[in-house]
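Chemist: This structure is in structure tokens; I'll ask about it shortly.
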Amino acid sequence: MSLTVNEIRSKFLNFMKEKGHVIVPSASLVPENDPTTLFTGSGMQPMLQYLLGQPHPLGTRIADSQKSFRSKDIEEVGDNRHTTFFEMLGNWSFGDYFKEEQITWMWEFLIDELKLDPQHFYVSCFIGKENLGVPRDTFSAELWQKLFSSKGIVAKISENPESGMNDGEKIFYFEEKKNWWSRSGVPANMPAGEPGGPDSEMFYDFDPMMEKKMHSISKYTNVPCHVNCDCGRFMEIGNNVFMQYKKTANGFEELPQMNVDFGGGVERIAAAVNNDSDMFNIDVFDEPKKTIERLSGKKYGESESVTYAYRVSLDHLRAATFLIGDGVMPGNKDQMYFVRRLIRRAVRFARNLGVKENFTKEVAVSFIETYRQEYNNLEEKKDNILIEIDREESKFRKTLENGIRQFEKLSHGNISGIDAFDLLQSYGFPIELTEELAKERNIEIDRSSFDEEKKKHSEESRTASAGKFKGGLGGDGEMEVKYHTATHLLHEALRQVLGDHVLQKGSNITPERLRFDFSHGEKMTDEQKARVEKIVNDVIAQNLPVTREEVSHAEARARGAIGVFDTKYGDTVSIYTVGETGTRGKEKMFSMEFCGGPHVISTGVLAVGGNHPDDSSQMDNHPDDNNQMDKRKVKFKIIKEEAVSAGVRRIKAVLE
Ligand code: SER
């Protein structure tokens, strides 16, 4: 059977809908209100608060297909399976069903519905660890065994997979390095407050009869092959995480509820359905491949180096297209730096294919065409995406020219590490290109002294930015929560000062500041800014309660809640009111918004602490103590007001 990515995605979502799940749209690749990470890298990230116990407004069974980007994989791209961008199919139980349903459904979906051959199918389970207090997952292993046997397969369980696979073994116990999932990896690396749990992973075997001899390439011949081996024979196609624990200062405690967090890359599942171990052969790459083929005259697959360069260009330009679509422009800072890097690497590798003229725009057009139905923001932002990607490419091509010119000046003899580093640092000229040019001219580069220079430099810049991410996960999130509430206050204050046309267009919070994008056509005057600040500071001084309510979508609208909660399917939503609850217009109500939270318990909390170097305030210190407030004198202050695009303004503000 051969299925397209679009077909697999919709089969999965329909399947989960039939099992009682509410299907939600993908969140942005740029996480909102999560300063701990630059990108959404898995389906569970936007679900974090619900896994920790906050009720999801749409219920206890949720499924989606989440756009994901993993920047750490940039340099892994080039083999048959790694990509930076992917779509993760996901389903969640927030304290609803658990292992039995999840595992049975996965079997139904993959084996019965997608018709994967169970002979090619393998799974792994957690072996258990006494010092973690987490037992062996015999339940999952035995359930898998029953499911295999329903197809007449006697599936043996192995406890020692890393020593090699024996005939009939289908189910493998691994330790936490392989069968534990949290955002920060193994239990030892998890910070306090972080949720995680044992998992059961599913694998597809591309070479069950060992005919393709994938494991026989020299790198692997001396190590036994098993499902987690990297030789290419097996591919993980999905992961069922049983999110049941939370890390604390003294080990693990059970979360208030037993959750399921399933994630599986749709591209990998497509590769399995097609029984082709090269993920770059799935349909979403067909059109973009043709474009590169037309421009380069080289065919995908004609040689190893051609295939490698194709994969890097395809992956990187798909990622850049989606990232720009989600508002991340190429640049030097934070997320923007990655978009720049992706485009530049794509150009560099395509250059190896002989593409010497601007081409990224055309490849982006093919990706937009391929994905526009599922992600209509790509179509809406098409012009913008094409302009940005093309502009960055032109800039980089200039950099290349300048770098080559500078290289010529240096290349009378061998090139020192410092000169090579200067080419990178001052001209943005990548070391790989310096090496390439050196090779053509038969001169040497002192690579080890270049590496040393680079290391020295990155250590310096790491020290410089060490302070930047001090906020961090669980327990330390007080400032973000305060800024989240401050955002609601700002939103309402802007509406009072500028008018009801003001609506939230975006929000981003770090422990140091809030950033708020809103619809408004003109630059704000100083007087308007001062009025907004005064309104917010007055509400903070009044210490109004912040109340969360769960109501039907219709009721929330009828009562006049504002906000961008776009529920296509859901009925119940959560709203946060600052001041007296009720219907908008009530005298003592300040604002009412659709929102998932979390928020402080009352606005006075914002007056305590602020971004002070020795901030030791706790959220639950109720700030009734006026002395304390006077002493700290926290003020809400707008530090910047600027345009982001036509009709959209951006405010950065602090509690200082
Ligand atoms: N959180 C798990 C993963 O990313 C499953 O969704 O693999």
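Labels for the structure tokens follow display order: chains A, B, ..., residues from 1 in each chain, ligands from 1.
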Report as a VMD selection string all protein, DNA and RNA residues lying within 8 Å of Asn543 of chain A, evaluated on only C-alpha atoms, omitting residues in the same chain fewer than 6 positions from it.
Modeler: chain A and resid 602 to 605
Chemist: May I have the selected residues written with N, CA, C and O atoms, as a tab-separated table (two decimals), in the first residue's frame?
Modeler:
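Output (selection_0.tsv):
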```
chain	number	residue	atom	x	y	z
A	602	SER	N	-3.92	37.24	42.37
A	602	SER	CA	-4.49	38.58	42.38
A	602	SER	C	-3.44	39.55	41.85
A	602	SER	O	-2.23	39.28	41.91
A	603	THR	N	-3.91	40.68	41.32
A	603	THR	CA	-3.00	41.56	40.58
A	603	THR	C	-1.89	42.15	41.45
A	603	THR	O	-0.83	42.49	40.94
A	604	GLY	N	-2.13	42.22	42.77
A	604	GLY	CA	-1.12	42.78	43.66
A	604	GLY	C	0.18	41.98	43.65
A	604	GLY	O	1.25	42.51	43.97
A	605	VAL	N	0.08	40.70	43.28
A	605	VAL	CA	1.29	39.87	43.23
A	605	VAL	C	2.32	40.49	42.27
A	605	VAL	O	3.52	40.38	42.46
```
Chemist: Could you list the protein, DNA and RNA residues that have any atom within 10 Å of ligand 1, counting only C-alpha atoms and all ligand atoms, and write them as a ChimeraX atom specification?
Modeler: /A:41-45,47-48,66,68,88-92,180-183,196-197,199-201,236-243,260-265
Chemist: If we count only C-alpha atoms and set the cut-off at 12 Å, which residues sit around Gly95 of chain A, ignoring sequence neighbours fewer than 5 positions away in its own chain? Please answer as a list in words.
Modeler: Tyr50, Leu51, Leu52, Gly53, Gln54, Pro55, His56, Gly59, Thr60, Arg61, Ile62, Phe242, Met243, Gln244, Glu254, Leu255, Pro256, Gln257, Met258, Asn259, Val260 and Asp261 of chain A
Chemist: Store the residues picked out above, limited to N, CA, C and O atoms, as a PDB file, in the first residue's frame.
Modeler:
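Wrote it out as again-v7.pdb, contents follow:
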```
ATOM      1  N   TYR A  50      -1.403  20.771  30.726  1.00  0.00           N
ATOM      2  CA  TYR A  50      -2.503  19.817  30.919  1.00  0.00           C
ATOM      3  C   TYR A  50      -1.980  18.482  31.420  1.00  0.00           C
ATOM      4  O   TYR A  50      -2.654  17.768  32.139  1.00  0.00           O
ATOM      5  N   LEU A  51      -0.746  18.156  31.007  1.00  0.00           N
ATOM      6  CA  LEU A  51      -0.145  16.931  31.538  1.00  0.00           C
ATOM      7  C   LEU A  51       0.140  17.101  33.024  1.00  0.00           C
ATOM      8  O   LEU A  51       0.095  16.152  33.795  1.00  0.00           O
ATOM      9  N   LEU A  52       0.419  18.340  33.417  1.00  0.00           N
ATOM     10  CA  LEU A  52       0.707  18.607  34.833  1.00  0.00           C
ATOM     11  C   LEU A  52      -0.563  18.687  35.680  1.00  0.00           C
ATOM     12  O   LEU A  52      -0.494  18.779  36.897  1.00  0.00           O
ATOM     13  N   GLY A  53      -1.714  18.694  35.044  1.00  0.00           N
ATOM     14  CA  GLY A  53      -2.941  18.608  35.838  1.00  0.00           C
ATOM     15  C   GLY A  53      -3.976  19.687  35.596  1.00  0.00           C
ATOM     16  O   GLY A  53      -5.108  19.565  36.058  1.00  0.00           O
ATOM     17  N   GLN A  54      -3.609  20.747  34.868  1.00  0.00           N
ATOM     18  CA  GLN A  54      -4.639  21.745  34.616  1.00  0.00           C
ATOM     19  C   GLN A  54      -5.650  21.183  33.604  1.00  0.00           C
ATOM     20  O   GLN A  54      -5.249  20.561  32.634  1.00  0.00           O
ATOM     21  N   PRO A  55      -6.951  21.373  33.836  1.00  0.00           N
ATOM     22  CA  PRO A  55      -7.917  20.802  32.889  1.00  0.00           C
ATOM     23  C   PRO A  55      -7.811  21.445  31.510  1.00  0.00           C
ATOM     24  O   PRO A  55      -7.689  22.662  31.407  1.00  0.00           O
ATOM     25  N   HIS A  56      -7.823  20.623  30.477  1.00  0.00           N
ATOM     26  CA  HIS A  56      -7.836  21.160  29.113  1.00  0.00           C
ATOM     27  C   HIS A  56      -9.260  21.604  28.812  1.00  0.00           C
ATOM     28  O   HIS A  56     -10.198  20.862  29.089  1.00  0.00           O
ATOM     29  N   GLY A  59     -11.409  18.998  27.008  1.00  0.00           N
ATOM     30  CA  GLY A  59     -11.636  17.645  27.517  1.00  0.00           C
ATOM     31  C   GLY A  59     -10.377  16.873  27.808  1.00  0.00           C
ATOM     32  O   GLY A  59      -9.274  17.418  27.837  1.00  0.00           O
ATOM     33  N   THR A  60     -10.548  15.562  28.006  1.00  0.00           N
ATOM     34  CA  THR A  60      -9.438  14.728  28.442  1.00  0.00           C
ATOM     35  C   THR A  60      -8.836  13.906  27.311  1.00  0.00           C
ATOM     36  O   THR A  60      -7.897  13.150  27.512  1.00  0.00           O
ATOM     37  N   ARG A  61      -9.436  14.003  26.111  1.00  0.00           N
ATOM     38  CA  ARG A  61      -8.882  13.279  24.957  1.00  0.00           C
ATOM     39  C   ARG A  61      -8.649  14.259  23.810  1.00  0.00           C
ATOM     40  O   ARG A  61      -9.591  14.779  23.225  1.00  0.00           O
ATOM     41  N   ILE A  62      -7.400  14.484  23.515  1.00  0.00           N
ATOM     42  CA  ILE A  62      -7.042  15.489  22.502  1.00  0.00           C
ATOM     43  C   ILE A  62      -6.095  14.844  21.488  1.00  0.00           C
ATOM     44  O   ILE A  62      -5.246  14.025  21.869  1.00  0.00           O
ATOM     45  N   PHE A 242       4.015   7.085  28.887  1.00  0.00           N
ATOM     46  CA  PHE A 242       3.060   6.996  29.986  1.00  0.00           C
ATOM     47  C   PHE A 242       3.482   8.020  31.039  1.00  0.00           C
ATOM     48  O   PHE A 242       4.252   7.735  31.946  1.00  0.00           O
ATOM     49  N   MET A 243       3.011   9.229  30.848  1.00  0.00           N
ATOM     50  CA  MET A 243       3.411  10.385  31.655  1.00  0.00           C
ATOM     51  C   MET A 243       2.707  10.320  32.981  1.00  0.00           C
ATOM     52  O   MET A 243       1.557  10.712  33.108  1.00  0.00           O
ATOM     53  N   GLN A 244       3.438   9.854  33.926  1.00  0.00           N
ATOM     54  CA  GLN A 244       2.817   9.482  35.174  1.00  0.00           C
ATOM     55  C   GLN A 244       3.551  10.100  36.344  1.00  0.00           C
ATOM     56  O   GLN A 244       3.082  10.071  37.450  1.00  0.00           O
ATOM     57  N   GLU A 254       4.125  10.793  41.882  1.00  0.00           N
ATOM     58  CA  GLU A 254       3.106  10.580  40.854  1.00  0.00           C
ATOM     59  C   GLU A 254       2.444  11.916  40.532  1.00  0.00           C
ATOM     60  O   GLU A 254       2.181  12.717  41.429  1.00  0.00           O
ATOM     61  N   LEU A 255       2.161  12.141  39.277  1.00  0.00           N
ATOM     62  CA  LEU A 255       1.390  13.327  38.895  1.00  0.00           C
ATOM     63  C   LEU A 255      -0.040  13.144  39.412  1.00  0.00           C
ATOM     64  O   LEU A 255      -0.452  12.027  39.715  1.00  0.00           O
ATOM     65  N   PRO A 256      -0.822  14.237  39.469  1.00  0.00           N
ATOM     66  CA  PRO A 256      -2.204  14.087  39.946  1.00  0.00           C
ATOM     67  C   PRO A 256      -3.010  13.129  39.075  1.00  0.00           C
ATOM     68  O   PRO A 256      -4.050  12.635  39.481  1.00  0.00           O
ATOM     69  N   GLN A 257      -2.555  12.870  37.865  1.00  0.00           N
ATOM     70  CA  GLN A 257      -3.315  11.997  36.967  1.00  0.00           C
ATOM     71  C   GLN A 257      -2.347  11.180  36.119  1.00  0.00           C
ATOM     72  O   GLN A 257      -1.209  11.572  35.901  1.00  0.00           O
ATOM     73  N   MET A 258      -2.837  10.032  35.615  1.00  0.00           N
ATOM     74  CA  MET A 258      -2.012   9.203  34.736  1.00  0.00           C
ATOM     75  C   MET A 258      -2.312   9.628  33.302  1.00  0.00           C
ATOM     76  O   MET A 258      -3.442   9.528  32.849  1.00  0.00           O
ATOM     77  N   ASN A 259      -1.282  10.079  32.593  1.00  0.00           N
ATOM     78  CA  ASN A 259      -1.491  10.603  31.242  1.00  0.00           C
ATOM     79  C   ASN A 259      -0.875   9.690  30.189  1.00  0.00           C
ATOM     80  O   ASN A 259       0.071   8.963  30.469  1.00  0.00           O
ATOM     81  N   VAL A 260      -1.405   9.803  28.987  1.00  0.00           N
ATOM     82  CA  VAL A 260      -0.737   9.209  27.836  1.00  0.00           C
ATOM     83  C   VAL A 260      -0.316  10.351  26.919  1.00  0.00           C
ATOM     84  O   VAL A 260      -1.080  11.289  26.703  1.00  0.00           O
ATOM     85  N   ASP A 261       0.919  10.256  26.423  1.00  0.00           N
ATOM     86  CA  ASP A 261       1.418  11.233  25.457  1.00  0.00           C
ATOM     87  C   ASP A 261       1.983  10.431  24.299  1.00  0.00           C
ATOM     88  O   ASP A 261       3.041   9.843  24.412  1.00  0.00           O
TER      89      ASP A 261
END
```
Chemist: Just asking: which residues within segment 78-148 of chain A are alpha helix (DSSP H) according to DSSP, as a ChimeraX atom specification?
Modeler: /A:99-107,138-148
Chemist: What is the distance between atom CA of Leu147 of chain A and atom CA of Tyr204 of chain A, in Å to one decimal?
Modeler: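 The value is 16.0 Å.
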Chemist: Quote the spacing between atom CA of Thr547 of chain A and atom CA of Ser28 of chain A in Å to one decimal place.
Modeler: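 According to the coordinates, atom CA of Thr547 of chain A and atom CA of Ser28 of chain A are separated by 27.0 Å.
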Chemist: Excluding Arg513 of chain A and residues on its chain fewer than 4 positions from it, collect all residues at most 8 Å away from it, counting only C-alpha atoms, and give them as an MDAnalysis selection string.
Modeler: chainID A and resid 483 509 652:655
Chemist: Find the residues around Ile443 of chain A up to 10 Å (only C-alpha atoms counted), leave out those fewer than 6 positions away in its own chain, and share them as a ChimeraX atom specification.
Modeler: /A:411-415,435,437
Chemist: Could you turn the residues from that selection into a file that holds N, CA and C atoms, as a PDB file, in the first residue's frame?
Modeler:
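Generated output (again-v3.pdb):
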```pdb
ATOM      1  N   SER A 411      45.243  33.565   0.244  1.00  0.00           N
ATOM      2  CA  SER A 411      45.634  32.215  -0.139  1.00  0.00           C
ATOM      3  C   SER A 411      46.922  32.131  -0.943  1.00  0.00           C
ATOM      4  N   HIS A 412      47.890  32.979  -0.559  1.00  0.00           N
ATOM      5  CA  HIS A 412      49.166  32.835  -1.254  1.00  0.00           C
ATOM      6  C   HIS A 412      49.964  31.682  -0.684  1.00  0.00           C
ATOM      7  N   GLY A 413      49.763  31.422   0.594  1.00  0.00           N
ATOM      8  CA  GLY A 413      50.387  30.238   1.181  1.00  0.00           C
ATOM      9  C   GLY A 413      49.310  29.477   1.926  1.00  0.00           C
ATOM     10  N   ASN A 414      49.706  28.633   2.844  1.00  0.00           N
ATOM     11  CA  ASN A 414      48.706  27.926   3.632  1.00  0.00           C
ATOM     12  C   ASN A 414      47.940  28.907   4.518  1.00  0.00           C
ATOM     13  N   ILE A 415      46.758  28.499   4.964  1.00  0.00           N
ATOM     14  CA  ILE A 415      45.916  29.433   5.718  1.00  0.00           C
ATOM     15  C   ILE A 415      45.922  29.082   7.205  1.00  0.00           C
ATOM     16  N   GLU A 435      37.574  25.346   3.288  1.00  0.00           N
ATOM     17  CA  GLU A 435      38.265  24.072   3.018  1.00  0.00           C
ATOM     18  C   GLU A 435      38.138  23.654   1.561  1.00  0.00           C
ATOM     19  N   LEU A 437      37.639  25.571  -1.075  1.00  0.00           N
ATOM     20  CA  LEU A 437      38.477  26.412  -1.940  1.00  0.00           C
ATOM     21  C   LEU A 437      39.950  26.055  -1.775  1.00  0.00           C
TER      22      LEU A 437
END
```
Chemist: Write down as JSON, numbers by chain the residues belonging to segment 401-603 of chain A that are assigned strand (DSSP E) by DSSP computed on the backbone.
Modeler: {"A": [504, 505, 506, 507, 508, 509, 510, 513, 514, 515, 516, 517, 518, 519, 546, 547, 548, 549, 550, 551, 552, 572, 573, 574, 575, 576, 577, 578, 579, 589, 590, 591, 592, 593, 594]}
Chemist: Save out the residues we just selected, N, CA, C and O atoms, as a compact mmCIF listing (two decimals), in the first residue's frame.
Modeler:
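Saved as selection.txt:
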```txt
# COMPACT_ATOMS: atom_id res chain seq x y z
N GLN A 504 -5.43 41.06 20.54
CA GLN A 504 -4.14 40.37 20.60
C GLN A 504 -3.80 39.72 19.27
O GLN A 504 -4.61 39.01 18.70
N LYS A 505 -2.56 39.94 18.82
CA LYS A 505 -2.11 39.28 17.59
C LYS A 505 -0.95 38.33 17.88
O LYS A 505 -0.55 37.56 17.01
N GLY A 506 -0.40 38.44 19.06
CA GLY A 506 0.70 37.55 19.39
C GLY A 506 1.20 37.90 20.78
O GLY A 506 0.96 39.01 21.26
N SER A 507 1.85 36.93 21.41
CA SER A 507 2.36 37.19 22.75
C SER A 507 3.56 36.31 22.99
O SER A 507 3.61 35.18 22.51
N ASN A 508 4.53 36.86 23.67
CA ASN A 508 5.73 36.08 23.98
C ASN A 508 6.27 36.59 25.30
O ASN A 508 6.36 37.79 25.52
N ILE A 509 6.58 35.65 26.17
CA ILE A 509 6.98 36.06 27.52
C ILE A 509 8.29 35.39 27.90
O ILE A 509 8.49 34.21 27.65
N THR A 510 9.20 36.16 28.47
CA THR A 510 10.40 35.60 29.06
C THR A 510 10.42 36.05 30.51
O THR A 510 9.61 36.90 30.89
N ARG A 513 10.70 40.00 30.46
CA ARG A 513 9.80 41.02 29.85
C ARG A 513 8.61 40.32 29.21
O ARG A 513 8.59 39.12 29.01
N LEU A 514 7.60 41.14 28.87
CA LEU A 514 6.52 40.61 28.04
C LEU A 514 6.62 41.29 26.69
O LEU A 514 7.17 42.39 26.56
N ARG A 515 6.12 40.60 25.69
CA ARG A 515 6.04 41.19 24.36
C ARG A 515 4.63 40.94 23.86
O ARG A 515 4.12 39.83 24.01
N PHE A 516 3.97 41.96 23.35
CA PHE A 516 2.57 41.83 23.02
C PHE A 516 2.32 42.50 21.68
O PHE A 516 2.63 43.67 21.49
N ASP A 517 1.78 41.73 20.73
CA ASP A 517 1.45 42.28 19.43
C ASP A 517 -0.06 42.49 19.35
O ASP A 517 -0.82 41.63 19.78
N PHE A 518 -0.48 43.61 18.80
CA PHE A 518 -1.91 43.89 18.78
C PHE A 518 -2.28 44.71 17.55
O PHE A 518 -1.44 45.39 16.95
N SER A 519 -3.56 44.62 17.18
CA SER A 519 -4.01 45.32 15.99
C SER A 519 -4.22 46.80 16.32
O SER A 519 -5.00 47.15 17.21
N VAL A 546 -7.87 37.46 40.48
CA VAL A 546 -7.86 36.88 39.13
C VAL A 546 -8.54 35.53 39.24
O VAL A 546 -8.09 34.66 39.98
N THR A 547 -9.64 35.37 38.52
CA THR A 547 -10.46 34.16 38.70
C THR A 547 -10.56 33.38 37.41
O THR A 547 -10.79 33.95 36.34
N ARG A 548 -10.42 32.07 37.56
CA ARG A 548 -10.55 31.21 36.38
C ARG A 548 -11.91 30.53 36.42
O ARG A 548 -12.34 30.03 37.46
N GLU A 549 -12.61 30.50 35.28
CA GLU A 549 -13.89 29.80 35.21
C GLU A 549 -13.91 28.93 33.97
O GLU A 549 -13.32 29.29 32.94
N GLU A 550 -14.62 27.82 34.06
CA GLU A 550 -14.81 27.00 32.87
C GLU A 550 -16.26 27.13 32.45
O GLU A 550 -17.16 26.79 33.21
N VAL A 551 -16.46 27.63 31.26
CA VAL A 551 -17.82 27.85 30.80
C VAL A 551 -17.93 27.39 29.34
O VAL A 551 -16.92 27.10 28.71
N SER A 552 -19.16 27.34 28.85
CA SER A 552 -19.30 26.93 27.44
C SER A 552 -18.80 28.08 26.57
O SER A 552 -18.79 29.24 26.98
N THR A 572 -16.32 23.59 25.90
CA THR A 572 -15.97 24.27 27.13
C THR A 572 -14.67 25.04 26.94
O THR A 572 -13.74 24.54 26.34
N VAL A 573 -14.64 26.24 27.47
CA VAL A 573 -13.41 27.01 27.39
C VAL A 573 -13.09 27.55 28.78
O VAL A 573 -13.95 27.56 29.65
N SER A 574 -11.83 27.96 28.94
CA SER A 574 -11.54 28.56 30.23
C SER A 574 -11.36 30.06 30.03
O SER A 574 -10.82 30.52 29.03
N ILE A 575 -11.90 30.82 30.99
CA ILE A 575 -11.75 32.28 30.91
C ILE A 575 -11.14 32.78 32.21
O ILE A 575 -11.34 32.17 33.27
N TYR A 576 -10.40 33.85 32.10
CA TYR A 576 -9.81 34.47 33.28
C TYR A 576 -10.38 35.88 33.42
O TYR A 576 -10.34 36.66 32.46
N THR A 577 -10.91 36.17 34.60
CA THR A 577 -11.44 37.50 34.85
C THR A 577 -10.55 38.20 35.87
O THR A 577 -10.16 37.61 36.88
N VAL A 578 -10.25 39.46 35.59
CA VAL A 578 -9.55 40.30 36.57
C VAL A 578 -10.61 41.22 37.16
O VAL A 578 -11.29 41.93 36.43
N GLY A 579 -10.78 41.16 38.50
CA GLY A 579 -11.85 41.93 39.14
C GLY A 579 -13.06 41.02 39.36
O GLY A 579 -12.93 39.80 39.40
N MET A 589 -15.48 44.81 37.24
CA MET A 589 -14.71 43.90 36.40
C MET A 589 -13.70 44.71 35.59
O MET A 589 -14.04 45.73 35.01
N PHE A 590 -12.44 44.25 35.56
CA PHE A 590 -11.49 44.97 34.72
C PHE A 590 -11.38 44.30 33.35
O PHE A 590 -11.53 44.93 32.32
N SER A 591 -11.13 42.98 33.33
CA SER A 591 -11.03 42.33 32.03
C SER A 591 -11.50 40.89 32.12
O SER A 591 -11.55 40.30 33.20
N MET A 592 -11.84 40.34 30.96
CA MET A 592 -12.26 38.93 30.89
C MET A 592 -11.79 38.37 29.55
O MET A 592 -12.13 38.90 28.50
N GLU A 593 -10.96 37.33 29.62
CA GLU A 593 -10.34 36.81 28.39
C GLU A 593 -10.36 35.30 28.33
O GLU A 593 -10.18 34.64 29.35
N PHE A 594 -10.51 34.75 27.13
CA PHE A 594 -10.26 33.32 26.92
C PHE A 594 -8.79 33.08 27.19
O PHE A 594 -7.95 33.81 26.66
```
Chemist: Listing only residues of segment 270-383 of chain A within 12 Å of segment 111-118 of chain A, what is the closest atom pair and its distance in Å (to one decimal) for each, using only C-alpha atoms, sorted by chain and residue number ascending, as JSON lines?
Modeler:
```
{"residue": "A:Ala270", "atom": "CA", "partner": "A:Leu114", "partner_atom": "CA", "distance": 9.5}
{"residue": "A:Ala271", "atom": "CA", "partner": "A:Leu116", "partner_atom": "CA", "distance": 10.8}
{"residue": "A:Ala272", "atom": "CA", "partner": "A:Leu116", "partner_atom": "CA", "distance": 7.4}
{"residue": "A:Val273", "atom": "CA", "partner": "A:Leu116", "partner_atom": "CA", "distance": 6.1}
{"residue": "A:Asn274", "atom": "CA", "partner": "A:Leu116", "partner_atom": "CA", "distance": 9.2}
{"residue": "A:Asn275", "atom": "CA", "partner": "A:Leu116", "partner_atom": "CA", "distance": 8.7}
```
Chemist: Which residues, written as an mmCIF file with N, CA and C atoms, in the first residue's frame, have at least one atom at most 10 Å from segment 331-334 of chain A, with only C-alpha atoms counted and residues fewer than 4 positions away on the same chain left out?
Modeler:
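Output file result_19.cif is given in full below:
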```cif
data_model
loop_
_atom_site.group_PDB
_atom_site.id
_atom_site.type_symbol
_atom_site.label_atom_id
_atom_site.label_comp_id
_atom_site.auth_asym_id
_atom_site.auth_seq_id
_atom_site.Cartn_x
_atom_site.Cartn_y
_atom_site.Cartn_z
ATOM 1 N N LEU A 38 13.206 27.562 22.406
ATOM 2 C CA LEU A 38 13.009 28.470 21.280
ATOM 3 C C LEU A 38 11.937 27.988 20.315
ATOM 4 N N PHE A 39 11.824 26.642 20.188
ATOM 5 C CA PHE A 39 10.903 26.106 19.184
ATOM 6 C C PHE A 39 10.013 25.017 19.777
ATOM 7 N N PHE A 338 18.355 30.652 13.424
ATOM 8 C CA PHE A 338 18.233 29.318 12.839
ATOM 9 C C PHE A 338 17.677 29.374 11.419
ATOM 10 N N VAL A 339 16.757 30.296 11.200
ATOM 11 C CA VAL A 339 16.210 30.422 9.846
ATOM 12 C C VAL A 339 17.337 30.848 8.894
ATOM 13 N N ARG A 340 18.139 31.785 9.366
ATOM 14 C CA ARG A 340 19.281 32.224 8.560
ATOM 15 C C ARG A 340 20.199 31.036 8.266
ATOM 16 N N ARG A 341 20.495 30.274 9.307
ATOM 17 C CA ARG A 341 21.418 29.162 9.144
ATOM 18 C C ARG A 341 20.861 28.106 8.181
ATOM 19 N N GLU A 392 17.261 36.647 1.838
ATOM 20 C CA GLU A 392 18.332 36.045 2.624
ATOM 21 C C GLU A 392 19.318 35.316 1.715
#
```
Chemist: Which of these, A:Lys170, A:Leu378, A:Phe349, A:Pro598, has the shortest distance to Gln49 of chain A once you count only C-alpha atoms?
Modeler: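 Answer, going by the shortest atom-to-atom distance: A:Pro598.
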Chemist: Set the distance at 10 Å and use only C-alpha atoms: which residues neighbour Gly133 of chain A once local chain neighbours fewer than 6 positions away are removed? I'd like the list as a ChimeraX atom specification.
Modeler: /A:251-253
Chemist: Would you save the residues of that selection, restricted to N, CA, C and O atoms, as an mmCIF file, in the first residue's frame?
Modeler:
```
data_model
loop_
_atom_site.group_PDB
_atom_site.id
_atom_site.type_symbol
_atom_site.label_atom_id
_atom_site.label_comp_id
_atom_site.auth_asym_id
_atom_site.auth_seq_id
_atom_site.Cartn_x
_atom_site.Cartn_y
_atom_site.Cartn_z
ATOM 1 N N GLY A 251 13.510 12.879 44.161
ATOM 2 C CA GLY A 251 13.120 11.751 43.318
ATOM 3 C C GLY A 251 11.814 12.011 42.603
ATOM 4 O O GLY A 251 11.498 13.147 42.285
ATOM 5 N N PHE A 252 11.063 10.938 42.373
ATOM 6 C CA PHE A 252 9.836 11.098 41.590
ATOM 7 C C PHE A 252 8.593 10.995 42.438
ATOM 8 O O PHE A 252 8.541 10.226 43.390
ATOM 9 N N GLU A 253 7.578 11.797 42.075
ATOM 10 C CA GLU A 253 6.270 11.587 42.684
ATOM 11 C C GLU A 253 5.256 11.398 41.558
ATOM 12 O O GLU A 253 5.505 11.768 40.418
#
```
